[in-house]
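First up is the structure itself, then whatever we jot down about it.
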Amino acid sequence: MSETPAGVQVLGGAVERGDEILTKEALEFVAGLQRAFGARRDELLARRKERRAEATAKGRLDFLEETRHIREGDWQVAAPPADIADRRVEITGPTDRKMAINALNSGARVWLADLEDANTPHWRNVVSGQVNLYDLVRKQIELTTPEGKHYKLRDDVKHAVPLVRPRGWHFDEKHILVDGKPVVAAFVDFGLHFFHNAKELISRGSGPYFYLPKMESHLEARLWNDVFTHAQQELGVQHGSVRATVLIETYPAAFEMEEILYELRDHSAGLNAGRWDYLFSVIKTFRDSDKYILPDRNSVTMTAPFMRAYTELLVRTCHKRGAFAIGGMAAFIPTKDESNAAAMDKVHADKKREAGDGFDGSWVAHPGLVPICFEEFDAVLGDKPNQIDRTRDEVSVTADQLLSVADTPGEKTIEGLRAAVDVGVRYIVSWLGGNGAAAIHNLMEDAATAEISRSQIWQWLHNNVVLAGGEQVTADLVREVLADTEKQLRAEHGFPVDNLGRAVELFEQVAVADEFVDFLTLPAYEEID
């Protein structure tokens with residue numbers, strides 16, 4: 001590896017072509033971000049804990065009185081760049097080489113290149129993901145598998161535009177130390193991509209575009225905006241070249257959508273309705289309250305009143321300010337069995353609802369769903385690139401509507417508990433093995449899936465929930481279901497059992513322990529290289 005700058009230590013091992021990414025200049029740039037903004041990140045994480053304590057004491061969240069002038073002000077975000085003016089279909093996935101090629105070839109307009117929830121942050125994945133981004137930006141990405149199958153970019157389709165999702169503010173990268181401390185992972189993921197590719201992207205008529213996850217407040221958006229301004233100045237890149245779409249996937253952020261857009265207004269590319277993480281955050285925020293207890297995960301649909309309020313407010317907020325509103329994930333994986341038709345009907349209905357509600361585009365997890373998403377958005381958009389001009393003035397959403405979790409139909413069942421344990425353990429096994437995008441029961445799952453599963457069990461357990469069949473959720477019941485699940489998975493043909501014992505232990509730790517762990521990926525990260 002090349003020489004490292006003063007105060008920077010790289011503790012990770014050698015990764016193929018890693019020396020092209022971890023250059024002295026690139027590491028200096030990342031270290032500059034850490035030194036300029038690391039302390040502010042730490043303060044914002046401490047503020048999260050204070051705000052949750054306040055919400056717990058009040059039993060509710062609300063719109064901020066101190067930012068009312070922003071919500072009532074007359075302002076717009078910057079107009080979208082030409083190459084992402086039409087985002088009607090977006091495909092998501094980790095930055096491994098095969099996925100990157102397939103995503104760019106998929107026909108989707110945008111690829112969410114995921115360094116976050118669909119990616120296990122093994123050191124090898126962190127660095128090789130950047131190698132792949134470097135190559136795909138320059139259209140030089142190819143792959144020949146050990147079986148001899150060759151993948152390359154097609155020249156007969158318009159390639160999806162990459163939007164890179166760095167890790168959330170809560171994560172540190174343990175393999176790079178700056179002045180003796182682990183660097184904020186978001187600075188690694190954003191910084192390396194921006195340093196190597198921003199000017200190249202701009203020269204090709206595009207730009208450095210991002211998805212920003214897990215944000216909880218407009219002050220966290222302000223930090224990102226200051227990072228973007230700093231990065232552009234450092235490299236002599238025009239202000240406003242960076243564009244970012246913020247995932248509204250935490251409960252507190254739903255009450256600060258306008259303020260988040262305002263903070264990023266020069267760099268905004270809209271908001272996204274990150275539905276799975278949103279459910280996790282609802283549970284996490286009010287985990288001690290019996291007023292916010294959700295039924296079985298699979299019975300919580302986007303038509304639940306509190307979810308409907310959230311998506312309606314998101315579209316209204318975005319279009320009022322000239323910003324994109326991007327819909328949620330269709331996670332189905334097309335199959336050849338008889339269940340496929342019903343699954344595809346659900347995807348059609350979901351995308352039809354989103355297009356009808358005014359969303360400008362939506363997510364799919366598999367290339368096979370791209371045509372379905374196109375069909376439903378084409379029917380509404382026609383030749384228009386988006387429907388930002390549809391301002392949904394008739395929508396008015398109150399804090400109480402966003403908080404109406406108790407009105408969600410559905411039961412809490414032993415089957416729901418078993419399903420949560422099953423999918424949670426399966427996902428953690430995959431994550432520990434290095435694959436953060438796991439195909440489970442014909443769905444493409446990422447870390448949000450396991451987070452909902454374990455947080456829901458924690459909530460049921462610590463609120464003494466009695467299930468529909470009469471059983472009370474106890475630690476013994478959860479451990480019994482875990483033991484049954486482990487036994488079944490060990491007997492399941494072809495299931496990789498190498499990490500199963502560790503996955504079961506980890507799941508128990510984050511689902512049963514008295515102290516709620518903020519993100520299961522943090523203790524899981526300690527288990528990997």
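So you can find residues: chains in the structure tokens are A, B, ... in the order shown, residues in each start at 1, and ligands are numbered from 1 in order.
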Report the closest atom pair, with its distance in Å rounded to one decimal, for each residue of range 190-300 of chain A that has an atom no farther than 8 Å from range 463-484 of chain A; count only C-alpha atoms, sort by chain and then rising residue number, and write it as a Markdown table.
| residue | atom | partner | partner_atom | distance |
| --- | --- | --- | --- | --- |
| A:Asp288 | CA | A:Asn463 | CA | 7.0 |
| A:Ser289 | CA | A:Asn463 | CA | 7.5 |
| A:Asp290 | CA | A:Asn463 | CA | 6.4 |
Could you give me the residues within range 129-214 of chain A that DSSP places in strand (DSSP E or B), as an NGL selection string? :A and (142-144 or 150-152 or 161-165 or 172-178 or 181-184 or 209-212)
What's the 9 Å shell around Asp357 in chain A, counting only C-alpha atoms, without same-chain residues fewer than 4 positions away, as a PDB file with C-alpha atoms, in the first residue's frame?
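Output saved as selection-v2.pdb:
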ATOM      1  CA  THR A 311     -45.999   9.033   2.697  1.00  0.00           C
ATOM      2  CA  GLU A 312     -48.650  11.673   1.978  1.00  0.00           C
ATOM      3  CA  VAL A 315     -44.901  13.842  -1.283  1.00  0.00           C
ATOM      4  CA  LYS A 352     -49.556   2.001  -8.843  1.00  0.00           C
ATOM      5  CA  ARG A 353     -50.449   3.481  -5.443  1.00  0.00           C
ATOM      6  CA  ARG A 392     -50.757  17.948  -3.499  1.00  0.00           C
TER       7      ARG A 392
END
Rank nothing, just name the residue among A:Val157, A:Leu136, A:Leu279, A:Leu522 nearest to Tyr251 in chain A, using only C-alpha atoms.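 Among the listed residues, the smallest separation from Tyr251 in chain A belongs to A:Leu279.
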Identify all residues of range 27-234 of chain A in alpha helix (DSSP H) (DSSP on the backbone) and supply them as an MDAnalysis selection string. chainID A and resid 27:58 68:72 97:105 123:137 185:203 218:234
Could you name the residues that touch Thr92 in chain A at 12 Å or less, counting only C-alpha atoms, but leaving out those on the same chain fewer than 3 positions away, as a ChimeraX atom specification? /A:89,95-96,99-100,102-104,106,108-119,160-165,211,328-331,362-367,369-370,437,444-446
Find the nearest atom pair between each residue of range 9-70 of chain A and range 176-190 of chain A for residues within 9 Å, count only C-alpha atoms, give distances in Å to one decimal, sort rows by chain and ascending number, and present the table as CSV.
residue,atom,partner,partner_atom,distance
A:Gln9,CA,A:Leu177,CA,5.0
A:Val10,CA,A:Ile176,CA,4.6
A:Leu11,CA,A:Ile176,CA,6.0
A:Gly12,CA,A:Ile176,CA,7.4
A:Leu27,CA,A:Val188,CA,8.6
A:Val30,CA,A:Val188,CA,6.1
A:Ala31,CA,A:Val178,CA,6.1
A:Leu33,CA,A:Phe187,CA,6.4
A:Gln34,CA,A:Val183,CA,6.2
A:Arg35,CA,A:Val178,CA,8.0
A:Gly38,CA,A:Val184,CA,6.8
A:Arg41,CA,A:Val184,CA,8.2
How would the residues just chosen look if you wrote them out with N, CA, C and O atoms as a short mmCIF file (atom, residue, chain, number, x, y, z; two decimals), in the first residue's frame?
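Done, and the output landed in again00.cif:
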data_model
loop_
_atom_site.label_atom_id
_atom_site.label_comp_id
_atom_site.auth_asym_id
_atom_site.auth_seq_id
_atom_site.Cartn_x
_atom_site.Cartn_y
_atom_site.Cartn_z
N GLN A 9 -3.65 5.94 10.32
CA GLN A 9 -3.22 4.53 10.32
C GLN A 9 -4.28 3.71 9.60
O GLN A 9 -5.47 3.85 9.88
N VAL A 10 -3.84 2.85 8.69
CA VAL A 10 -4.74 1.90 8.02
C VAL A 10 -4.47 0.53 8.62
O VAL A 10 -3.39 -0.03 8.44
N LEU A 11 -5.46 0.02 9.35
CA LEU A 11 -5.29 -1.25 10.06
C LEU A 11 -5.79 -2.44 9.24
O LEU A 11 -5.50 -3.58 9.58
N GLY A 12 -6.56 -2.17 8.19
CA GLY A 12 -7.08 -3.25 7.36
C GLY A 12 -5.99 -3.86 6.50
O GLY A 12 -5.00 -3.20 6.16
N LEU A 27 -6.46 9.53 1.48
CA LEU A 27 -6.54 9.38 2.94
C LEU A 27 -6.40 10.74 3.63
O LEU A 27 -7.04 10.98 4.67
N VAL A 30 -9.87 12.29 3.46
CA VAL A 30 -10.76 11.68 4.47
C VAL A 30 -10.40 12.18 5.87
O VAL A 30 -11.27 12.53 6.67
N ALA A 31 -9.10 12.23 6.16
CA ALA A 31 -8.65 12.72 7.47
C ALA A 31 -9.07 14.17 7.68
O ALA A 31 -9.45 14.56 8.80
N LEU A 33 -11.80 15.56 6.53
CA LEU A 33 -13.22 15.52 6.91
C LEU A 33 -13.37 15.16 8.38
O LEU A 33 -14.16 15.77 9.11
N GLN A 34 -12.63 14.15 8.82
CA GLN A 34 -12.71 13.71 10.21
C GLN A 34 -12.31 14.83 11.17
O GLN A 34 -12.97 15.08 12.18
N ARG A 35 -11.23 15.51 10.85
CA ARG A 35 -10.73 16.56 11.76
C ARG A 35 -11.68 17.76 11.78
O ARG A 35 -11.84 18.41 12.80
N GLY A 38 -15.64 15.57 12.77
CA GLY A 38 -15.85 14.41 13.65
C GLY A 38 -16.46 14.77 14.99
O GLY A 38 -17.37 14.07 15.48
N ARG A 41 -20.15 15.43 14.66
CA ARG A 41 -20.88 14.14 14.55
C ARG A 41 -21.11 13.56 15.94
O ARG A 41 -22.22 13.09 16.27
#
Compile the contact shell of range 296-306 of chain A as a PyMOL selection string: residues with an atom at most 8 Å away, counting only C-alpha atoms, same-chain residues fewer than 2 positions apart removed. chain A and resi 294+308-310+401-405+407-413+416-417+420+452-453
Requested write-out: all heavy atoms of the selected residues, as a short mmCIF file (atom, residue, chain, number, x, y, z; two decimals), in the first residue's frame:
data_model
loop_
_atom_site.label_atom_id
_atom_site.label_comp_id
_atom_site.auth_asym_id
_atom_site.auth_seq_id
_atom_site.Cartn_x
_atom_site.Cartn_y
_atom_site.Cartn_z
N LEU A 294 -46.59 -2.42 17.56
CA LEU A 294 -47.04 -2.85 16.24
C LEU A 294 -47.45 -4.32 16.24
O LEU A 294 -46.89 -5.13 16.99
CB LEU A 294 -45.93 -2.65 15.21
CG LEU A 294 -45.66 -1.20 14.80
CD1 LEU A 294 -44.34 -1.10 14.06
CD2 LEU A 294 -46.79 -0.69 13.91
N ARG A 308 -49.63 5.81 5.97
CA ARG A 308 -50.27 6.63 4.93
C ARG A 308 -49.97 8.11 5.18
O ARG A 308 -49.64 8.87 4.26
CB ARG A 308 -51.77 6.37 4.97
CG ARG A 308 -52.54 6.93 3.83
CD ARG A 308 -52.61 5.97 2.65
NE ARG A 308 -53.13 6.67 1.48
CZ ARG A 308 -52.43 6.90 0.37
NH1 ARG A 308 -51.21 6.46 0.25
NH2 ARG A 308 -52.96 7.52 -0.64
N ALA A 309 -50.07 8.53 6.45
CA ALA A 309 -49.80 9.92 6.81
C ALA A 309 -48.36 10.29 6.44
O ALA A 309 -48.09 11.38 5.91
CB ALA A 309 -50.06 10.13 8.29
N TYR A 310 -47.46 9.37 6.72
CA TYR A 310 -46.02 9.61 6.47
C TYR A 310 -45.72 9.78 4.98
O TYR A 310 -45.02 10.71 4.57
CB TYR A 310 -45.27 8.43 7.10
CG TYR A 310 -43.98 7.95 6.52
CD1 TYR A 310 -42.81 8.70 6.62
CD2 TYR A 310 -43.89 6.69 5.91
CE1 TYR A 310 -41.60 8.21 6.12
CE2 TYR A 310 -42.71 6.20 5.42
CZ TYR A 310 -41.55 6.97 5.52
OH TYR A 310 -40.37 6.48 5.04
N GLN A 401 -51.64 12.31 13.40
CA GLN A 401 -51.79 11.30 12.35
C GLN A 401 -50.49 10.50 12.16
O GLN A 401 -50.52 9.29 11.97
CB GLN A 401 -52.22 11.96 11.04
CG GLN A 401 -53.67 12.42 11.05
CD GLN A 401 -54.01 13.24 9.82
OE1 GLN A 401 -53.34 14.24 9.50
NE2 GLN A 401 -55.05 12.84 9.11
N LEU A 402 -49.35 11.20 12.21
CA LEU A 402 -48.06 10.50 12.12
C LEU A 402 -47.85 9.55 13.30
O LEU A 402 -47.14 8.55 13.18
CB LEU A 402 -46.91 11.51 12.06
CG LEU A 402 -46.74 12.31 10.77
CD1 LEU A 402 -45.70 13.40 10.97
CD2 LEU A 402 -46.35 11.41 9.60
N LEU A 403 -48.47 9.87 14.42
CA LEU A 403 -48.27 9.10 15.66
C LEU A 403 -49.33 8.01 15.87
O LEU A 403 -49.30 7.31 16.88
CB LEU A 403 -48.29 10.05 16.87
CG LEU A 403 -47.16 11.08 16.95
CD1 LEU A 403 -47.47 12.13 18.00
CD2 LEU A 403 -45.82 10.42 17.24
N SER A 404 -50.25 7.85 14.92
CA SER A 404 -51.42 6.98 15.15
C SER A 404 -51.10 5.49 14.95
O SER A 404 -51.84 4.75 14.30
CB SER A 404 -52.58 7.38 14.24
OG SER A 404 -52.21 7.22 12.87
N VAL A 405 -50.00 5.05 15.57
CA VAL A 405 -49.56 3.65 15.44
C VAL A 405 -50.61 2.69 16.00
O VAL A 405 -50.83 1.59 15.47
CB VAL A 405 -48.21 3.47 16.16
CG1 VAL A 405 -47.79 2.01 16.21
CG2 VAL A 405 -47.14 4.30 15.47
N ASP A 407 -53.65 2.64 15.75
CA ASP A 407 -54.77 2.36 14.83
C ASP A 407 -54.41 1.33 13.75
O ASP A 407 -55.20 1.08 12.85
CB ASP A 407 -55.21 3.65 14.13
CG ASP A 407 -55.73 4.69 15.12
OD1 ASP A 407 -56.17 4.28 16.21
OD2 ASP A 407 -55.67 5.89 14.80
N THR A 408 -53.20 0.76 13.83
CA THR A 408 -52.76 -0.19 12.81
C THR A 408 -53.49 -1.52 12.97
O THR A 408 -53.42 -2.13 14.04
CB THR A 408 -51.24 -0.43 12.92
OG1 THR A 408 -50.58 0.84 12.88
CG2 THR A 408 -50.75 -1.31 11.79
N PRO A 409 -54.20 -1.98 11.93
CA PRO A 409 -54.89 -3.27 12.05
C PRO A 409 -53.90 -4.44 12.05
O PRO A 409 -52.79 -4.32 11.54
CB PRO A 409 -55.78 -3.31 10.81
CG PRO A 409 -55.16 -2.37 9.83
CD PRO A 409 -54.42 -1.33 10.63
N GLY A 410 -54.31 -5.54 12.63
CA GLY A 410 -53.46 -6.74 12.65
C GLY A 410 -53.24 -7.25 14.06
O GLY A 410 -53.43 -6.52 15.05
N GLU A 411 -52.84 -8.52 14.16
CA GLU A 411 -52.64 -9.15 15.46
C GLU A 411 -51.16 -9.41 15.72
O GLU A 411 -50.34 -9.40 14.82
CB GLU A 411 -53.39 -10.50 15.49
CG GLU A 411 -54.90 -10.35 15.47
CD GLU A 411 -55.60 -11.69 15.66
OE1 GLU A 411 -55.19 -12.67 14.99
OE2 GLU A 411 -56.54 -11.75 16.46
N LYS A 412 -50.89 -9.65 16.99
CA LYS A 412 -49.55 -10.08 17.41
C LYS A 412 -49.66 -11.58 17.69
O LYS A 412 -50.41 -11.99 18.57
CB LYS A 412 -49.12 -9.30 18.67
CG LYS A 412 -48.99 -7.80 18.41
CD LYS A 412 -48.80 -6.98 19.65
CE LYS A 412 -50.08 -6.64 20.37
NZ LYS A 412 -50.92 -5.68 19.64
N THR A 413 -48.93 -12.38 16.92
CA THR A 413 -49.14 -13.83 16.97
C THR A 413 -47.82 -14.57 17.21
O THR A 413 -46.74 -14.05 16.97
CB THR A 413 -49.75 -14.34 15.65
OG1 THR A 413 -48.76 -14.21 14.61
CG2 THR A 413 -51.00 -13.57 15.26
N GLY A 416 -46.03 -14.77 14.04
CA GLY A 416 -45.27 -13.55 13.76
C GLY A 416 -43.95 -13.54 14.52
O GLY A 416 -42.93 -13.12 13.98
N LEU A 417 -43.98 -14.02 15.75
CA LEU A 417 -42.76 -14.12 16.56
C LEU A 417 -41.78 -15.09 15.92
O LEU A 417 -40.58 -14.78 15.77
CB LEU A 417 -43.11 -14.56 17.98
CG LEU A 417 -41.95 -14.79 18.95
CD1 LEU A 417 -41.18 -13.50 19.20
CD2 LEU A 417 -42.45 -15.36 20.27
N ALA A 420 -40.29 -13.62 12.78
CA ALA A 420 -39.30 -12.57 13.09
C ALA A 420 -37.96 -13.19 13.48
O ALA A 420 -36.90 -12.74 13.03
CB ALA A 420 -39.83 -11.67 14.21
N ILE A 452 -36.07 -4.63 12.34
CA ILE A 452 -37.49 -4.70 12.69
C ILE A 452 -37.76 -5.95 13.51
O ILE A 452 -38.43 -5.92 14.54
CB ILE A 452 -38.40 -4.73 11.44
CG1 ILE A 452 -38.23 -3.50 10.60
CG2 ILE A 452 -39.86 -4.87 11.86
CD1 ILE A 452 -38.90 -3.61 9.25
N SER A 453 -37.21 -7.07 13.03
CA SER A 453 -37.48 -8.36 13.68
C SER A 453 -37.07 -8.34 15.14
O SER A 453 -37.86 -8.65 16.04
CB SER A 453 -36.72 -9.48 12.96
OG SER A 453 -37.14 -9.58 11.62
#
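Closest approach to Leu235 in chain A from the set A:Ala198, A:Val137, A:Leu44, A:Ala85 is made by A:Ala198, with distances taken over only C-alpha atoms.
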Near Leu314 in chain A, within 10 Å and counting only C-alpha atoms, which residues show up once chain neighbours fewer than 3 positions away are dropped, as a PyMOL selection string? chain A and resi 248+254+257-258+270-273+308-311+317-320+324-327+358-359+397
